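Novice: Next comes the structure file run-v7.cif, holding mmCIF, C-alpha atoms.
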```cif
data_my_file
#
loop_
_atom_site.group_PDB
_atom_site.id
_atom_site.type_symbol
_atom_site.label_atom_id
_atom_site.label_comp_id
_atom_site.auth_asym_id
_atom_site.auth_seq_id
_atom_site.Cartn_x
_atom_site.Cartn_y
_atom_site.Cartn_z
ATOM 1 C CA MET A 1 130.919 60.609 203.247
ATOM 2 C CA PRO A 2 130.875 56.770 203.222
ATOM 3 C CA GLY A 3 127.106 56.850 203.704
ATOM 4 C CA LEU A 4 126.729 59.246 200.796
ATOM 5 C CA ILE A 5 128.814 56.997 198.544
ATOM 6 C CA ARG A 6 126.684 53.984 199.479
ATOM 7 C CA ARG A 7 123.578 55.808 198.300
ATOM 8 C CA VAL A 8 124.909 56.303 194.772
ATOM 9 C CA PRO A 9 123.549 53.554 192.493
ATOM 10 C CA ILE A 10 126.664 52.099 190.916
ATOM 11 C CA VAL A 11 125.157 50.594 187.762
ATOM 12 C CA SER A 12 123.076 53.665 186.900
ATOM 13 C CA THR A 13 126.013 55.968 187.536
ATOM 14 C CA VAL A 14 128.313 53.931 185.294
ATOM 15 C CA VAL A 15 125.694 53.920 182.525
ATOM 16 C CA VAL A 16 125.160 57.691 182.757
ATOM 17 C CA ILE A 17 128.887 58.465 182.865
ATOM 18 C CA GLY A 18 129.447 56.179 179.869
ATOM 19 C CA ALA A 19 126.676 57.900 177.926
ATOM 20 C CA VAL A 20 127.986 61.367 178.816
ATOM 21 C CA LEU A 21 131.532 60.464 177.782
ATOM 22 C CA THR A 22 130.204 59.059 174.510
ATOM 23 C CA MET A 23 128.298 62.279 173.801
ATOM 24 C CA ILE A 24 131.346 64.401 174.616
ATOM 25 C CA GLY A 25 133.434 62.191 172.327
ATOM 26 C CA LEU A 26 130.923 62.684 169.507
ATOM 27 C CA GLY A 27 131.039 66.440 170.058
ATOM 28 C CA LEU A 28 134.844 66.457 169.856
ATOM 29 C CA TRP A 29 134.690 64.324 166.702
ATOM 30 C CA GLN A 30 132.340 66.867 165.122
ATOM 31 C CA LEU A 31 134.819 69.648 165.955
ATOM 32 C CA ARG A 32 137.579 67.694 164.210
ATOM 33 C CA ARG A 33 135.277 67.205 161.213
ATOM 34 C CA LEU A 34 134.622 70.962 161.251
ATOM 35 C CA ASP A 35 138.333 71.665 160.769
ATOM 36 C CA GLU A 36 138.505 69.107 157.956
ATOM 37 C CA LYS A 37 135.388 70.514 156.263
ATOM 38 C CA GLN A 38 136.685 74.095 156.445
ATOM 39 C CA ALA A 39 139.973 73.030 154.847
ATOM 40 C CA MET A 40 138.043 71.158 152.135
ATOM 41 C CA LEU A 41 135.818 74.164 151.383
ATOM 42 C CA ALA A 42 138.875 76.404 151.152
ATOM 43 C CA ARG A 43 140.374 73.959 148.632
ATOM 44 C CA TYR A 44 137.152 74.005 146.624
ATOM 45 C CA ALA A 45 137.167 77.809 146.535
ATOM 46 C CA VAL A 46 140.723 77.772 145.181
ATOM 47 C CA ALA A 47 139.713 75.223 142.522
ATOM 48 C CA VAL A 48 136.896 77.480 141.308
ATOM 49 C CA ALA A 49 139.135 80.548 141.270
ATOM 50 C CA ASP A 50 142.180 79.080 139.521
ATOM 51 C CA GLY A 51 140.254 77.322 136.708
ATOM 52 C CA VAL A 52 142.763 74.453 136.459
ATOM 53 C CA ALA A 53 141.376 71.500 134.480
ATOM 54 C CA VAL A 54 141.559 67.918 135.774
ATOM 55 C CA ALA A 55 140.566 64.528 134.404
ATOM 56 C CA TYR A 56 136.954 63.380 134.732
ATOM 57 C CA PRO A 57 135.573 60.891 135.675
ATOM 58 C CA VAL A 58 137.823 59.818 138.532
ATOM 59 C CA ALA A 59 138.437 56.453 140.130
ATOM 60 C CA ASP A 60 137.270 56.623 143.743
ATOM 61 C CA LYS A 61 135.744 58.790 146.461
ATOM 62 C CA THR A 62 139.069 60.328 147.490
ATOM 63 C CA ALA A 63 139.840 61.273 143.899
ATOM 64 C CA VAL A 64 136.321 62.699 143.522
ATOM 65 C CA ASP A 65 136.901 64.957 146.523
ATOM 66 C CA LEU A 66 140.148 66.274 145.024
ATOM 67 C CA ALA A 67 138.539 66.876 141.614
ATOM 68 C CA LEU A 68 135.421 68.725 142.775
ATOM 69 C CA PHE A 69 134.923 72.293 141.479
ATOM 70 C CA HIS A 70 137.718 71.954 138.919
ATOM 71 C CA ARG A 71 137.029 72.323 135.205
ATOM 72 C CA SER A 72 137.089 69.301 132.929
ATOM 73 C CA GLU A 73 136.081 68.096 129.477
ATOM 74 C CA VAL A 74 134.426 64.865 128.372
ATOM 75 C CA ALA A 75 133.500 63.467 124.969
ATOM 76 C CA CYS A 76 130.120 61.740 125.325
ATOM 77 C CA GLN A 77 130.001 58.947 122.745
ATOM 78 C CA SER A 78 126.445 57.829 123.537
ATOM 79 C CA ILE A 79 123.930 57.984 126.356
ATOM 80 C CA SER A 80 123.847 54.849 128.493
ATOM 81 C CA GLY A 81 120.481 54.281 130.163
ATOM 82 C CA PRO A 82 117.645 56.692 130.972
ATOM 83 C CA TRP A 83 118.064 60.398 131.672
ATOM 84 C CA ASN A 84 117.854 61.666 135.244
ATOM 85 C CA SER A 85 115.832 64.893 135.314
ATOM 86 C CA ILE A 86 115.707 66.460 138.781
ATOM 87 C CA ALA A 87 114.600 69.743 140.306
ATOM 88 C CA GLY A 88 117.236 72.449 139.926
ATOM 89 C CA ARG A 89 117.909 76.084 139.149
ATOM 90 C CA ASN A 90 119.241 77.888 136.127
ATOM 91 C CA ALA A 91 121.971 80.521 136.039
ATOM 92 C CA SER A 92 119.369 83.207 136.866
ATOM 93 C CA GLY A 93 118.110 81.349 139.933
ATOM 94 C CA GLU A 94 114.800 80.223 138.382
ATOM 95 C CA THR A 95 113.433 76.837 139.444
ATOM 96 C CA GLY A 96 112.940 74.092 136.904
ATOM 97 C CA TYR A 97 114.763 70.889 135.982
ATOM 98 C CA VAL A 98 118.384 69.985 135.374
ATOM 99 C CA HIS A 99 119.039 67.014 133.107
ATOM 100 C CA LEU A 100 121.752 64.421 133.653
ATOM 101 C CA ALA A 101 122.845 61.817 131.135
ATOM 102 C CA ASN A 102 125.042 58.855 131.984
ATOM 103 C CA CYS A 103 127.385 58.935 128.989
ATOM 104 C CA ALA A 104 129.591 56.242 127.568
ATOM 105 C CA ILE A 105 133.141 57.585 127.128
ATOM 106 C CA ASP A 106 136.574 56.289 126.138
ATOM 107 C CA GLY A 107 137.882 53.172 127.831
ATOM 108 C CA GLY A 108 134.477 51.566 128.337
ATOM 109 C CA ARG A 109 133.671 53.929 131.196
ATOM 110 C CA THR A 110 130.646 56.096 131.898
ATOM 111 C CA ALA A 111 130.332 59.624 133.292
ATOM 112 C CA TRP A 112 127.433 61.657 134.621
ATOM 113 C CA LEU A 113 126.996 64.865 132.630
ATOM 114 C CA GLN A 114 124.522 67.585 133.586
ATOM 115 C CA VAL A 115 123.970 69.061 130.168
ATOM 116 C CA GLY A 116 121.629 71.925 131.077
ATOM 117 C CA TRP A 117 118.341 73.238 132.454
ATOM 118 C CA THR A 118 114.770 73.486 131.194
ATOM 119 C CA ARG A 119 111.642 74.908 132.763
ATOM 120 C CA GLY A 120 109.759 71.578 132.592
ATOM 121 C CA PRO A 121 110.807 67.924 132.996
ATOM 122 C CA GLN A 122 110.954 67.283 129.234
ATOM 123 C CA HIS A 123 114.314 67.908 127.611
ATOM 124 C CA PRO A 124 115.668 68.416 124.077
ATOM 125 C CA ASP A 125 116.925 65.381 122.196
ATOM 126 C CA TRP A 126 120.673 65.443 122.838
ATOM 127 C CA THR A 127 122.659 62.382 121.807
ATOM 128 C CA GLY A 128 126.214 63.253 122.784
ATOM 129 C CA GLY A 129 129.280 65.302 121.976
ATOM 130 C CA LYS A 130 132.004 67.258 123.754
ATOM 131 C CA VAL A 131 131.018 68.714 127.122
ATOM 132 C CA THR A 132 133.108 71.145 129.164
ATOM 133 C CA GLY A 133 132.215 72.461 132.601
ATOM 134 C CA LEU A 134 132.735 72.221 136.352
ATOM 135 C CA ILE A 135 132.879 69.009 138.372
ATOM 136 C CA ALA A 136 130.342 69.064 141.212
ATOM 137 C CA PRO A 137 128.973 66.620 143.811
ATOM 138 C CA TYR A 138 126.153 64.336 142.685
ATOM 139 C CA THR A 139 125.482 61.351 144.945
ATOM 140 C CA ASP A 140 127.693 60.030 147.738
ATOM 141 C CA GLY A 141 131.148 59.425 146.291
ATOM 142 C CA VAL A 142 129.995 60.223 142.746
ATOM 143 C CA ALA A 143 130.480 63.472 140.830
ATOM 144 C CA ARG A 144 128.829 65.077 137.808
ATOM 145 C CA LEU A 145 130.175 67.435 135.187
ATOM 146 C CA ILE A 146 127.907 70.483 134.915
ATOM 147 C CA ALA A 147 128.053 71.775 131.346
ATOM 148 C CA ASP A 148 129.340 75.325 130.971
ATOM 149 C CA PRO A 149 128.277 76.342 128.388
ATOM 150 C CA PRO A 150 125.117 74.192 128.263
ATOM 151 C CA MET A 151 124.380 71.882 125.359
ATOM 152 C CA ALA A 152 122.236 73.033 122.431
ATOM 153 C CA GLY A 153 118.582 73.456 123.359
ATOM 154 C CA PHE A 154 119.247 73.767 127.088
ATOM 155 C CA ALA A 155 119.678 76.833 129.288
ATOM 156 C CA ALA A 156 122.648 77.129 131.638
ATOM 157 C CA SER A 157 122.360 75.375 134.990
ATOM 158 C CA ALA A 158 123.199 77.280 138.152
ATOM 159 C CA ARG A 159 126.963 77.393 138.601
ATOM 160 C CA PRO A 160 128.088 74.996 141.360
ATOM 161 C CA ASP A 161 129.210 76.873 144.472
ATOM 162 C CA PRO A 162 131.354 75.440 147.307
ATOM 163 C CA ALA A 163 129.245 77.515 149.717
ATOM 164 C CA ASP A 164 126.329 75.154 148.972
ATOM 165 C CA VAL A 165 128.201 72.196 150.486
ATOM 166 C CA PRO A 166 126.652 71.499 153.925
ATOM 167 C CA ASN A 167 128.844 72.391 156.907
ATOM 168 C CA ASN A 168 126.817 71.685 160.058
ATOM 169 C CA HIS A 169 129.565 70.185 162.229
ATOM 170 C CA LEU A 170 129.719 73.057 164.730
ATOM 171 C CA ALA A 171 125.958 72.865 165.305
ATOM 172 C CA TYR A 172 126.182 69.098 165.767
ATOM 173 C CA ALA A 173 129.061 69.481 168.233
ATOM 174 C CA VAL A 174 127.076 72.005 170.291
ATOM 175 C CA GLN A 175 124.106 69.630 170.303
ATOM 176 C CA TRP A 176 126.177 66.724 171.623
ATOM 177 C CA PHE A 177 127.732 68.862 174.372
ATOM 178 C CA PHE A 178 124.253 70.156 175.264
ATOM 179 C CA PHE A 179 122.889 66.593 175.459
ATOM 180 C CA ALA A 180 125.778 65.617 177.748
ATOM 181 C CA GLY A 181 125.049 68.565 180.030
ATOM 182 C CA VAL A 182 121.327 67.786 180.118
ATOM 183 C CA ALA A 183 122.005 64.132 180.925
ATOM 184 C CA LEU A 184 124.237 65.119 183.848
ATOM 185 C CA ALA A 185 121.708 67.652 185.128
ATOM 186 C CA ILE A 186 118.822 65.161 184.966
ATOM 187 C CA TYR A 187 120.869 62.497 186.726
ATOM 188 C CA ALA A 188 121.938 64.950 189.430
ATOM 189 C CA LEU A 189 118.302 65.880 190.040
ATOM 190 C CA ALA A 190 117.331 62.209 190.171
ATOM 191 C CA LEU A 191 120.057 61.506 192.747
ATOM 192 C CA ARG A 192 119.005 64.492 194.824
ATOM 193 C CA LYS A 193 115.397 63.310 194.877
ATOM 194 C CA ARG A 194 116.542 59.774 195.782
ATOM 195 C CA TRP A 195 118.584 61.070 198.704
ATOM 196 C CA GLN A 196 115.748 63.330 199.901
ATOM 197 C CA ASP A 197 113.246 60.469 199.767
ATOM 198 C CA LYS A 198 115.597 58.277 201.806
ATOM 199 C CA GLY A 199 116.686 61.198 203.993
#
```
Reformat the file's structure so that it appears as structure tokens.
Specialist:
Amino acid sequence: MPGLIRRVPIVSTVVVIGAVLTMIGLGLWQLRRLDEKQAMLARYAVAVADGVAVAYPVADKTAVDLALFHRSEVACQSISGPWNSIAGRNASGETGYVHLANCAIDGGRTAWLQVGWTRGPQHPDWTGGKVTGLIAPYTDGVARLIADPPMAGFAASARPDPADVPNNHLAYAVQWFFFAGVALAIYALALRKRWQDKG
């Protein structure tokens, strides 16, 4: 037994064990995130179903998360800056473009409003007005209000669906556990070969 212990490279073993523990820790973290994401998606589904209106825009990322998939209403006083026309689908599932305007609203604030869909990148000349709809994710920590009904000249955008929010945490957790297992297996094979060569 003492001879066997002497043959184990200490530095390499510590590095491998540290890496394996890190990968296991990342897998466990992904499982915790899975529970949090499932609770969040359940909250979004309730927001869509109950139709309760909340204020929009909201102050920070936490408030954005709580407001998502609720209904809201905004009075667009004027459009601030260029439009953002991006690939998107209409209510029938057809591909085309959805059009977002960054609108000036009360209190010197701005809000992203997705006013509707068109088949091509050009959009009707819309200059503002009252917009009602559902709050949906836009960029990280920022939301958009998707008009429902759409503004004049636009077709309805696809209705935002909580099921479209990515939820890959279980797959990531499995990957990290798999990597940890592979690392241990490779190191065990390397040790075995080392011992055989010195046998």
Novice: Go through A:Ala67, A:Ala147, A:Val58, A:Val74 and flag the residue nearest A:His99, using all atoms listed in the file for the distances.
Specialist: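 So, comparing all the options, the nearest one is A:Ala147.
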Novice: Would you please work out which residue, of A:Leu113, A:Cys103, A:Ala163, A:Ile135, is nearest to A:Val52 when using only C-alpha atoms?
Specialist: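 Closest to A:Val52, using only C-alpha atoms: A:Ile135.
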Novice: To one decimal place in Å, what is the distance between atom CA of A:Tyr97 and atom CA of A:Arg109?
Specialist: 25.8 Å
Novice: Could you list, as a PyMOL selection string, every residue matched by the PyMOL selection byres ((chain A and resi 172) around 12) in this structure?
Specialist: chain A and resi 23-34+167-171+173-179
Novice: Which distance in Å separates atom CA of A:Asp148 and atom CA of A:Val64, to one decimal?
Specialist: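 Interatomic distance, atom CA of A:Asp148 to atom CA of A:Val64: 19.1 Å.
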Novice: Rank nothing, just name the residue among A:Val16, A:Val8, A:Ala180, A:Leu134 nearest to A:Arg159, using only C-alpha atoms.
Specialist: A:Leu134
Novice: Hey, what comes out of the PyMOL selection byres ((chain A and resi 13) around 12) on this file? Could you write it as a JSON list (two decimals) with C-alpha atoms, in the coordinates of the input?
Specialist:
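Below you can see selection.json, which holds the result:
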```json
[["chain", "number", "residue", "atom", "x", "y", "z"],
["A", 5, "ILE", "CA", 128.81, 57.00, 198.54],
["A", 7, "ARG", "CA", 123.58, 55.81, 198.30],
["A", 8, "VAL", "CA", 124.91, 56.30, 194.77],
["A", 9, "PRO", "CA", 123.55, 53.55, 192.49],
["A", 10, "ILE", "CA", 126.66, 52.10, 190.92],
["A", 11, "VAL", "CA", 125.16, 50.59, 187.76],
["A", 12, "SER", "CA", 123.08, 53.66, 186.90],
["A", 14, "VAL", "CA", 128.31, 53.93, 185.29],
["A", 15, "VAL", "CA", 125.69, 53.92, 182.52],
["A", 16, "VAL", "CA", 125.16, 57.69, 182.76],
["A", 17, "ILE", "CA", 128.89, 58.46, 182.86],
["A", 18, "GLY", "CA", 129.45, 56.18, 179.87],
["A", 19, "ALA", "CA", 126.68, 57.90, 177.93],
["A", 20, "VAL", "CA", 127.99, 61.37, 178.82],
["A", 183, "ALA", "CA", 122.00, 64.13, 180.92],
["A", 184, "LEU", "CA", 124.24, 65.12, 183.85],
["A", 186, "ILE", "CA", 118.82, 65.16, 184.97],
["A", 187, "TYR", "CA", 120.87, 62.50, 186.73],
["A", 188, "ALA", "CA", 121.94, 64.95, 189.43],
["A", 190, "ALA", "CA", 117.33, 62.21, 190.17],
["A", 191, "LEU", "CA", 120.06, 61.51, 192.75]]
```
Novice: Please identify all polymer residues within 10 Å of A:Thr127, counting all atoms listed in the file, omitting same-chain residues fewer than 3 positions from it, and present them as a ChimeraX atom specification.
Specialist: /A:76-79,101,103,124
Novice: Please compute the atom CA of A:Arg71-atom CA of A:Glu94 distance, one decimal, in Å.
Specialist: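 Distance reported for this atom pair: 23.8 Å.
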Novice: I'd like the residues picked by the PyMOL selection byres ((chain A and resi 46) around 12) written out as a ChimeraX atom specification, using the chain letters and numbers from the file.
Specialist: /A:39-45,47-52,66-71,161-162
Novice: In terms of the shortest atom-to-atom distance over all atoms listed in the file, which of A:Leu21, A:Leu189, A:Ala156, A:Leu145 is closest to A:Val54?
Specialist: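 The closest residue to A:Val54 is A:Leu145.
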Novice: Once you add 5 Å to each side, what are the centre and edge lengths of the axis-aligned box holding all listed atoms of stretch 18-37 of chain A? One decimal in Å, as JSON, if you can.
Specialist:
```
{"center_x": 132.6, "center_y": 63.9, "center_z": 168.1, "size_x": 21.8, "size_y": 25.5, "size_z": 33.6}
```
Novice: Restricting the calculation to only C-alpha atoms, which member of A:Ala143, A:Val182, A:Val165, A:Val131 is positioned closest to A:Ser72?
Specialist: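 Ranking A:Ala143, A:Val182, A:Val165, A:Val131 by distance to A:Ser72, first place goes to A:Val131.
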Novice: Kindly indicate which residue among A:Ala155, A:Ser85, A:Asn90, A:Ile146 lies nearest to A:Pro121, using all atoms listed in the file for the distances.
Specialist: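 Nearest to A:Pro121: A:Ser85.
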Novice: Could you name the residues that touch A:Ile86 at 12 Å or less, counting all atoms listed in the file, but leaving out those on the same chain fewer than 3 positions away, as a ChimeraX atom specification?
Specialist: /A:83,89,95-101,114,116-123,138,157
Novice: Export, as a short mmCIF file (atom, residue, chain, number, x, y, z; two decimals), keeping the file's coordinate frame, the selected residues with C-alpha atoms.
Specialist:
```cif
data_model
loop_
_atom_site.label_atom_id
_atom_site.label_comp_id
_atom_site.auth_asym_id
_atom_site.auth_seq_id
_atom_site.Cartn_x
_atom_site.Cartn_y
_atom_site.Cartn_z
CA TRP A 83 118.06 60.40 131.67
CA ARG A 89 117.91 76.08 139.15
CA THR A 95 113.43 76.84 139.44
CA GLY A 96 112.94 74.09 136.90
CA TYR A 97 114.76 70.89 135.98
CA VAL A 98 118.38 69.98 135.37
CA HIS A 99 119.04 67.01 133.11
CA LEU A 100 121.75 64.42 133.65
CA ALA A 101 122.84 61.82 131.14
CA GLN A 114 124.52 67.58 133.59
CA GLY A 116 121.63 71.92 131.08
CA TRP A 117 118.34 73.24 132.45
CA THR A 118 114.77 73.49 131.19
CA ARG A 119 111.64 74.91 132.76
CA GLY A 120 109.76 71.58 132.59
CA PRO A 121 110.81 67.92 133.00
CA GLN A 122 110.95 67.28 129.23
CA HIS A 123 114.31 67.91 127.61
CA TYR A 138 126.15 64.34 142.68
CA SER A 157 122.36 75.38 134.99
#
```
Novice: I'd like the contact shell of A:Asn102 - 6 Å cut-off, all atoms listed in the file, skipping same-chain residues fewer than 5 positions apart - returned as a PyMOL selection string.
Specialist: chain A and resi 79-80+111-112
Novice: Mind filling out stretch 155-173 of chain A with N, CA and C atoms and sending it as a compact mmCIF listing (two decimals), keeping the file's coordinate frame?
Specialist:
```txt
# COMPACT_ATOMS: atom_id res chain seq x y z
N ALA A 155 119.16 75.62 128.66
CA ALA A 155 119.68 76.83 129.29
C ALA A 155 120.76 76.43 130.29
N ALA A 156 121.55 77.41 130.71
CA ALA A 156 122.65 77.13 131.64
C ALA A 156 122.11 76.77 133.02
N SER A 157 122.66 75.72 133.60
CA SER A 157 122.36 75.38 134.99
C SER A 157 123.03 76.38 135.91
N ALA A 158 122.53 76.46 137.15
CA ALA A 158 123.20 77.28 138.15
C ALA A 158 124.64 76.80 138.32
N ARG A 159 125.55 77.73 138.44
CA ARG A 159 126.96 77.39 138.60
C ARG A 159 127.17 76.75 139.98
N PRO A 160 127.85 75.62 140.05
CA PRO A 160 128.09 75.00 141.36
C PRO A 160 128.94 75.90 142.25
N ASP A 161 128.57 75.97 143.53
CA ASP A 161 129.21 76.87 144.47
C ASP A 161 129.63 76.09 145.71
N PRO A 162 130.92 76.14 146.09
CA PRO A 162 131.35 75.44 147.31
C PRO A 162 130.56 75.85 148.54
N ALA A 163 130.01 77.06 148.56
CA ALA A 163 129.24 77.52 149.72
C ALA A 163 127.97 76.70 149.90
N ASP A 164 127.53 75.98 148.86
CA ASP A 164 126.33 75.15 148.97
C ASP A 164 126.60 73.80 149.63
N VAL A 165 127.86 73.47 149.83
CA VAL A 165 128.20 72.20 150.49
C VAL A 165 127.86 72.31 151.97
N PRO A 166 127.05 71.40 152.51
CA PRO A 166 126.65 71.50 153.93
C PRO A 166 127.85 71.49 154.86
N ASN A 167 127.78 72.33 155.90
CA ASN A 167 128.84 72.39 156.91
C ASN A 167 128.19 72.64 158.26
N ASN A 168 127.59 71.57 158.82
CA ASN A 168 126.82 71.68 160.06
C ASN A 168 127.54 71.12 161.27
N HIS A 169 128.85 70.90 161.16
CA HIS A 169 129.56 70.18 162.23
C HIS A 169 129.59 70.96 163.55
N LEU A 170 129.71 72.28 163.48
CA LEU A 170 129.72 73.06 164.73
C LEU A 170 128.38 72.93 165.44
N ALA A 171 127.29 73.01 164.70
CA ALA A 171 125.96 72.86 165.30
C ALA A 171 125.79 71.48 165.92
N TYR A 172 126.29 70.44 165.23
CA TYR A 172 126.18 69.10 165.77
C TYR A 172 127.02 68.95 167.04
N ALA A 173 128.21 69.55 167.04
CA ALA A 173 129.06 69.48 168.23
C ALA A 173 128.37 70.14 169.42
```
